[in-house]
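Okay, run17.txt now, which holds compact mmCIF, C-alpha atoms:
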```
# COMPACT_ATOMS: atom_id res chain seq x y z
CA MET R 1 40.10 92.61 36.07
CA PRO R 2 40.06 94.73 39.22
CA VAL R 3 40.14 98.39 38.32
CA THR R 4 40.71 100.94 41.01
CA GLU R 5 41.22 104.66 40.96
CA ALA R 6 44.66 105.80 42.05
CA PRO R 7 44.88 108.38 44.80
CA ARG R 8 45.27 111.91 43.44
CA HIS R 9 47.20 113.29 46.37
CA ALA R 10 48.81 111.64 49.39
CA PRO R 11 49.67 108.16 48.07
CA SER R 12 49.34 105.25 50.50
CA ARG R 13 52.47 103.64 51.95
CA ALA R 14 51.67 100.48 49.98
CA VAL R 15 51.67 102.42 46.68
CA ILE R 16 54.95 104.14 47.56
CA ARG R 17 56.50 100.79 48.53
CA LYS R 18 55.46 99.00 45.34
CA THR R 19 56.44 102.02 43.21
CA ARG R 20 59.96 101.91 44.69
CA LEU R 21 60.20 98.13 44.26
CA PHE R 22 59.12 98.22 40.62
CA ALA R 23 61.32 101.25 39.87
CA VAL R 24 64.33 99.32 41.24
CA ILE R 25 63.45 96.18 39.18
CA SER R 26 62.89 98.36 36.12
CA VAL R 27 66.21 100.22 36.48
CA LEU R 28 68.33 97.13 37.26
CA SER R 29 66.84 95.00 34.45
CA ASN R 30 67.24 97.90 32.00
CA VAL R 31 70.88 98.56 32.94
CA ALA R 32 71.76 94.83 32.95
CA GLY R 33 69.90 94.31 29.65
CA ASN R 34 71.57 97.22 27.89
CA SER R 35 75.04 96.28 29.20
CA ALA R 36 74.71 92.66 28.07
CA LEU R 37 73.35 93.86 24.72
CA THR R 38 76.18 96.34 24.17
CA HIS R 39 78.78 93.72 25.16
CA GLY R 40 77.26 91.23 22.71
CA LEU R 41 77.10 93.77 19.88
CA GLN R 42 80.73 94.77 20.43
CA GLN R 43 81.72 91.10 20.10
CA LEU R 44 79.67 90.77 16.91
CA GLY R 45 81.12 93.88 15.27
CA ALA R 46 79.18 95.69 12.51
CA ILE R 47 75.79 94.14 11.77
CA GLY R 48 73.92 94.39 8.46
CA ASN R 49 70.86 96.48 7.69
CA THR R 50 68.31 93.81 6.83
CA PRO R 51 65.81 92.56 9.44
CA LEU R 52 67.33 89.07 9.02
CA ASP R 53 70.76 90.37 10.06
CA LEU R 54 69.24 91.95 13.18
CA ILE R 55 67.31 88.77 14.04
CA ALA R 56 70.47 86.65 13.55
CA ALA R 57 72.27 88.91 16.06
CA LEU R 58 69.63 87.98 18.67
CA PHE R 59 71.07 84.46 18.86
CA HIS R 60 74.41 85.65 20.24
CA PRO R 61 74.46 84.58 23.96
CA TRP R 62 75.11 88.08 25.37
CA VAL R 63 72.54 89.62 23.05
CA ALA R 64 70.02 86.93 24.07
CA LEU R 65 70.70 87.61 27.78
CA GLY R 66 70.29 91.33 27.15
CA VAL R 67 66.98 90.79 25.37
CA THR R 68 65.72 88.57 28.22
CA MET R 69 66.54 91.28 30.76
CA LEU R 70 64.81 93.84 28.56
CA ILE R 71 61.68 91.65 28.54
CA VAL R 72 61.76 91.73 32.38
CA TRP R 73 62.14 95.53 32.10
CA THR R 74 59.11 95.70 29.76
CA PHE R 75 56.85 93.92 32.28
CA ALA R 76 58.10 95.92 35.28
CA HIS R 77 57.74 99.18 33.34
CA MET R 78 54.19 98.26 32.25
CA ALA R 79 53.17 97.41 35.82
CA LEU R 80 54.65 100.71 37.05
CA LEU R 81 52.75 102.69 34.41
CA SER R 82 49.49 100.99 35.43
CA TRP R 83 49.44 103.18 38.56
CA ALA R 84 52.14 105.85 38.19
CA ASP R 85 52.43 108.87 35.86
CA LEU R 86 54.68 108.74 32.79
CA SER R 87 56.16 112.10 33.90
CA TYR R 88 57.09 110.38 37.20
CA VAL R 89 58.31 106.98 35.89
CA MET R 90 60.45 108.40 33.06
CA PRO R 91 62.61 110.76 35.19
CA VAL R 92 62.76 108.48 38.27
CA THR R 93 64.09 105.54 36.22
CA ALA R 94 66.77 107.91 34.81
CA ILE R 95 68.82 106.95 37.90
CA GLY R 96 69.81 104.07 35.55
CA TYR R 97 72.32 106.46 33.92
CA VAL R 98 74.06 106.77 37.31
CA VAL R 99 73.96 103.00 37.90
CA THR R 100 75.53 102.50 34.43
CA ALA R 101 78.31 104.99 35.24
CA PHE R 102 79.09 103.23 38.55
CA ALA R 103 78.93 99.80 36.87
CA GLY R 104 81.53 101.02 34.36
CA ARG R 105 83.64 102.44 37.21
CA PHE R 106 83.68 99.25 39.27
CA SER R 107 83.45 96.44 36.71
CA LEU R 108 85.56 97.89 33.90
CA GLY R 109 87.83 100.06 36.05
CA GLU R 110 86.94 103.17 34.02
CA THR R 111 87.94 106.48 35.59
CA VAL R 112 85.10 108.89 36.34
CA SER R 113 86.04 112.39 35.13
CA PRO R 114 84.96 115.50 37.14
CA MET R 115 82.42 116.23 34.37
CA ARG R 116 80.90 112.76 34.82
CA TRP R 117 80.78 113.23 38.61
CA ALA R 118 78.92 116.51 38.00
CA GLY R 119 76.50 114.63 35.74
CA ILE R 120 75.98 111.95 38.42
CA VAL R 121 75.20 114.64 41.03
CA LEU R 122 72.78 116.49 38.71
CA ILE R 123 70.88 113.32 37.72
CA THR R 124 70.65 112.17 41.35
CA LEU R 125 69.33 115.61 42.38
CA GLY R 126 66.80 115.59 39.52
CA VAL R 127 65.61 112.06 40.34
CA THR R 128 65.28 112.99 44.04
CA LEU R 129 63.19 116.06 43.17
CA VAL R 130 60.80 114.08 40.93
CA GLY R 131 60.77 111.14 43.36
CA ARG R 132 59.41 113.44 46.08
CA THR R 133 56.29 114.26 44.01
CA PRO R 134 53.24 111.91 44.36
CA PRO R 135 53.61 109.06 41.78
CA ALA R 136 50.04 109.34 40.45
CA SER R 137 48.18 112.51 39.48
CA ALA R 138 46.06 111.41 36.53
CA PRO R 139 42.94 109.27 37.06
CA LYS R 140 43.64 105.60 36.33
CA GLY R 141 41.25 102.89 35.20
CA ARG R 142 39.55 104.86 32.48
CA PRO R 143 40.67 106.11 29.09
CA VAL R 144 41.79 109.69 28.56
CA GLU R 145 39.29 111.64 26.44
CA MET Y 1 72.13 107.27 8.33
CA LYS Y 2 73.04 108.32 11.90
CA TRP Y 3 70.45 111.10 12.10
CA LEU Y 4 67.81 108.95 10.42
CA LEU Y 5 68.35 106.35 13.17
CA VAL Y 6 68.25 109.06 15.87
CA SER Y 7 64.91 110.44 14.63
CA LEU Y 8 63.49 106.93 14.24
CA CYS Y 9 64.68 105.98 17.74
CA VAL Y 10 63.37 109.16 19.42
CA THR Y 11 59.97 109.11 17.64
CA SER Y 12 59.35 105.42 18.29
CA THR Y 13 60.38 105.72 21.97
CA VAL Y 14 57.99 108.65 22.51
CA VAL Y 15 55.11 106.84 20.73
CA GLY Y 16 55.92 103.64 22.65
CA ASP Y 17 56.04 105.27 26.09
CA VAL Y 18 52.92 107.43 25.61
CA PHE Y 19 50.82 104.53 24.30
CA ARG Y 20 52.16 102.19 27.00
CA SER Y 21 51.08 104.74 29.60
CA LEU Y 22 47.66 105.19 27.94
CA GLY Y 23 47.16 101.44 27.56
CA MET Y 24 48.15 100.62 31.14
CA ARG Y 25 46.02 103.45 32.50
CA HIS Y 26 43.09 102.06 30.51
CA HIS Y 27 43.78 98.61 31.99
CA GLY Y 28 43.90 99.94 35.54
CA GLU Y 29 46.22 99.52 38.49
CA ILE Y 30 47.87 96.11 38.82
CA HIS Y 31 47.75 95.20 42.50
CA ASP Y 32 47.41 91.42 42.56
CA PHE Y 33 50.77 89.76 41.95
CA ARG Y 34 49.74 86.11 42.41
CA PRO Y 35 50.67 83.98 39.33
CA GLY Y 36 47.03 83.42 38.26
CA ALA Y 37 46.20 87.11 38.50
CA ILE Y 38 49.37 88.07 36.58
CA GLY Y 39 48.39 85.60 33.82
CA GLY Y 40 44.94 87.20 33.65
CA ALA Y 41 46.42 90.69 33.54
CA LEU Y 42 48.85 89.66 30.77
CA SER Y 43 46.09 88.21 28.62
CA ALA Y 44 44.01 91.39 29.05
CA ILE Y 45 47.03 93.57 28.25
CA ALA Y 46 47.88 91.47 25.17
CA ARG Y 47 44.45 92.36 23.71
CA ASN Y 48 44.78 96.08 24.45
CA TRP Y 49 45.43 97.85 21.08
CA MET Y 50 47.31 100.71 22.76
CA VAL Y 51 49.71 98.26 24.41
CA ILE Y 52 50.11 96.36 21.08
CA LEU Y 53 50.92 99.63 19.26
CA SER Y 54 53.32 100.58 22.06
CA THR Y 55 55.09 97.20 21.84
CA CYS Y 56 55.52 97.59 18.05
CA ALA Y 57 56.91 101.11 18.57
CA MET Y 58 59.25 99.82 21.31
CA ALA Y 59 60.51 97.10 18.91
CA VAL Y 60 61.32 99.80 16.31
CA SER Y 61 63.00 101.84 19.07
CA PHE Y 62 64.97 98.80 20.25
CA PHE Y 63 66.27 97.83 16.78
CA SER Y 64 67.08 101.41 15.79
CA PHE Y 65 68.99 101.97 19.07
CA MET Y 66 70.78 98.63 18.58
CA LYS Y 67 71.83 99.77 15.09
CA LEU Y 68 72.74 103.25 16.36
CA VAL Y 69 75.14 101.98 19.05
CA SER Y 70 76.77 99.75 16.44
CA ILE Y 71 77.68 102.76 14.23
CA ALA Y 72 77.96 105.64 16.75
CA PRO Y 73 79.75 106.01 20.11
CA MET Y 74 77.73 105.61 23.31
CA SER Y 75 78.73 109.19 24.25
CA PHE Y 76 76.57 110.28 21.31
CA ALA Y 77 73.77 107.67 21.44
CA VAL Y 78 72.95 107.97 25.16
CA PRO Y 79 72.40 111.76 25.49
CA VAL Y 80 70.61 111.84 22.14
CA SER Y 81 68.18 109.17 23.34
CA ALA Y 82 67.50 111.27 26.48
CA VAL Y 83 66.04 113.97 24.18
CA THR Y 84 62.79 111.94 24.42
CA PHE Y 85 62.31 113.44 27.93
CA ILE Y 86 61.17 116.78 26.48
CA PRO Y 87 58.39 115.62 24.08
CA GLU Y 88 57.32 112.92 26.57
CA THR Y 89 56.93 115.40 29.42
CA LEU Y 90 54.96 117.79 27.18
CA LEU Y 91 52.71 114.92 26.03
CA ALA Y 92 52.31 113.72 29.65
CA ARG Y 93 51.17 117.21 30.60
CA PHE Y 94 48.87 118.02 27.66
CA LEU Y 95 47.72 114.64 26.30
CA LEU Y 96 47.79 112.44 29.42
CA LYS Y 97 46.70 115.39 31.63
CA GLU Y 98 49.27 114.61 34.31
CA ALA Y 99 50.10 117.21 36.95
CA VAL Y 100 53.61 118.17 35.83
CA ASP Y 101 54.47 120.77 38.48
CA THR Y 102 57.56 122.98 38.77
CA GLN Y 103 59.33 120.37 40.90
CA ARG Y 104 58.97 117.71 38.17
CA TRP Y 105 60.07 120.12 35.40
CA LEU Y 106 63.10 121.18 37.46
CA GLY Y 107 64.00 117.54 38.15
CA ILE Y 108 63.68 116.62 34.46
CA GLY Y 109 65.83 119.66 33.48
CA LEU Y 110 68.59 118.65 35.94
CA ILE Y 111 68.50 115.06 34.64
CA LEU Y 112 68.82 116.23 31.00
CA VAL Y 113 71.87 118.40 31.76
CA GLY Y 114 73.27 115.54 33.89
CA VAL Y 115 72.87 113.03 31.03
CA VAL Y 116 74.83 115.33 28.69
CA PHE Y 117 77.61 115.68 31.32
CA ILE Y 118 77.76 111.97 32.16
CA SER Y 119 78.09 111.01 28.47
CA GLN Y 120 81.24 113.11 27.88
```
Spit out the file's structure as structure tokens when you get a sec.
Amino acid sequence: MPVTEAPRHAPSRAVIRKTRLFAVISVLSNVAGNSALTHGLQQLGAIGNTPLDLIAALFHPWVALGVTMLIVWTFAHMALLSWADLSYVMPVTAIGYVVTAFAGRFSLGETVSPMRWAGIVLITLGVTLVGRTPPASAPKGRPVE
Amino acid sequence: MKWLLVSLCVTSTVVGDVFRSLGMRHHGEIHDFRPGAIGGALSAIARNWMVILSTCAMAVSFFSFMKLVSIAPMSFAVPVSAVTFIPETLLARFLLKEAVDTQRWLGIGLILVGVVFISQ
């Protein structure tokens, strides 16, 4: 397994490019997964408390689609964390909250209240601020003592 | 029941994210995306105990969030799940030794307030 040390400061263009690509995949698969999951759960109504009830819910088509998208998210998120900081990945992928709000606005025709617009602006500003920091600060390829 | 699910969801998400970050850092940067290399990386990751622990924690997080959204409105579940940002950033700084500078803290603060606003 090739193990390399991530740059501590100025990240290369290749690292920035792949960080952006994987952040986009991670956000889109997470939003699509959660939306499909929520849609499926709303169709199912209240589910029981036992593990069997939860597993049975996984066979609903929308729930199954949601879970598949969340598996894609898991792999993209893991790849991202193999070179980027958790304190970078976690806030940058928070742009998903904005994508969800716009998805609701355009697909469900929901109105966006002034408070929600303010939230969208704040999240976008926050993500932009974190996104301008170098993705990797901690040494990669060796365990933390 | 609601608050039990919230604490279960928040704790398992934090444990899952921190151990996923530790496990993937231990594995090293993935930079070869050819199918054979991805297969090799997956088999190495599948034997990494930190990634296994993280996946178990993520499963707990997933099922508790699934249960939470079935009994509570999204306007409650979403901002509450964003609470994980605070412990995760602190753990990233002090356990993972990441350089969490003022710019990152400010960005995370804005996002947290934004998530509360957007959920109303």
> What is the CA of Val10 in chain Y to CA of Ala23 in chain R distance in Å?
Replying inline: 22.0 Å
>> Tell me as JSON, numbers by chain which residues belonging to chain Y come within 8 Å of chain R, counting all atoms listed in the file.
In response: {"Y": [17, 18, 20, 21, 22, 24, 25, 26, 27, 28, 29, 30, 40, 41, 63, 67, 69, 70, 71, 85, 88, 89, 92, 93, 96, 97, 98, 99, 100, 103, 104, 106, 107, 108, 109, 110, 111, 112, 113, 114, 115, 116, 117, 118, 119, 120]}
> What is the distance between CA of Leu52 in chain R and CA of Met1 in chain Y, in Å to one decimal?
Replying inline: 18.8 Å
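The space between CA of Phe19 in chain Y and CA of Val31 in chain R spans 22.6 Å.
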Here's a test: counting all atoms listed in the file, identify every protein, DNA and RNA residue with an atom at most 8 Å from (72.8, 90.7, 23.7) in the file's coordinate frame, and state them as a tab-separated table (two decimals) with C-alpha atoms, in the frame of the given file.
```
chain	number	residue	atom	x	y	z
R	33	GLY	CA	69.90	94.31	29.65
R	34	ASN	CA	71.57	97.22	27.89
R	36	ALA	CA	74.71	92.66	28.07
R	37	LEU	CA	73.35	93.86	24.72
R	38	THR	CA	76.18	96.34	24.17
R	39	HIS	CA	78.78	93.72	25.16
R	40	GLY	CA	77.26	91.23	22.71
R	41	LEU	CA	77.10	93.77	19.88
R	57	ALA	CA	72.27	88.91	16.06
R	58	LEU	CA	69.63	87.98	18.67
R	60	HIS	CA	74.41	85.65	20.24
R	61	PRO	CA	74.46	84.58	23.96
R	62	TRP	CA	75.11	88.08	25.37
R	63	VAL	CA	72.54	89.62	23.05
R	64	ALA	CA	70.02	86.93	24.07
R	65	LEU	CA	70.70	87.61	27.78
R	66	GLY	CA	70.29	91.33	27.15
R	67	VAL	CA	66.98	90.79	25.37
```
> Looking at only C-alpha atoms, which of Y:Ser12, Y:Phe33, Y:Trp3, Y:Met74 is the one that sits closest to Phe22 in chain R?
Replying inline: Y:Phe33
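Closest to Ser26 in chain R among R:Gln43, R:Thr68, R:Thr93, R:Thr50 is R:Thr93, based on all atoms listed in the file.
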>> Under the rule that all atoms listed in the file are counted, which of Y:Leu95, Y:Gly23, Y:Thr13, Y:Pro79 is the nearest residue to Met50 in chain Y?
In response: Y:Gly23
>> Can you tell me which residues surround Ser64 in chain Y at a distance of at most 7 Å, considering only C-alpha atoms, apart from same-chain residues fewer than 6 positions away, and format the answer as a list in words?
In response: Leu5, Leu8 and Cys9 of chain Y
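Using all atoms listed in the file, the smallest distance between any of Y:Leu90, Y:Asp101, Y:Val15, Y:Met66 and Ser54 in chain Y comes from Y:Val15.
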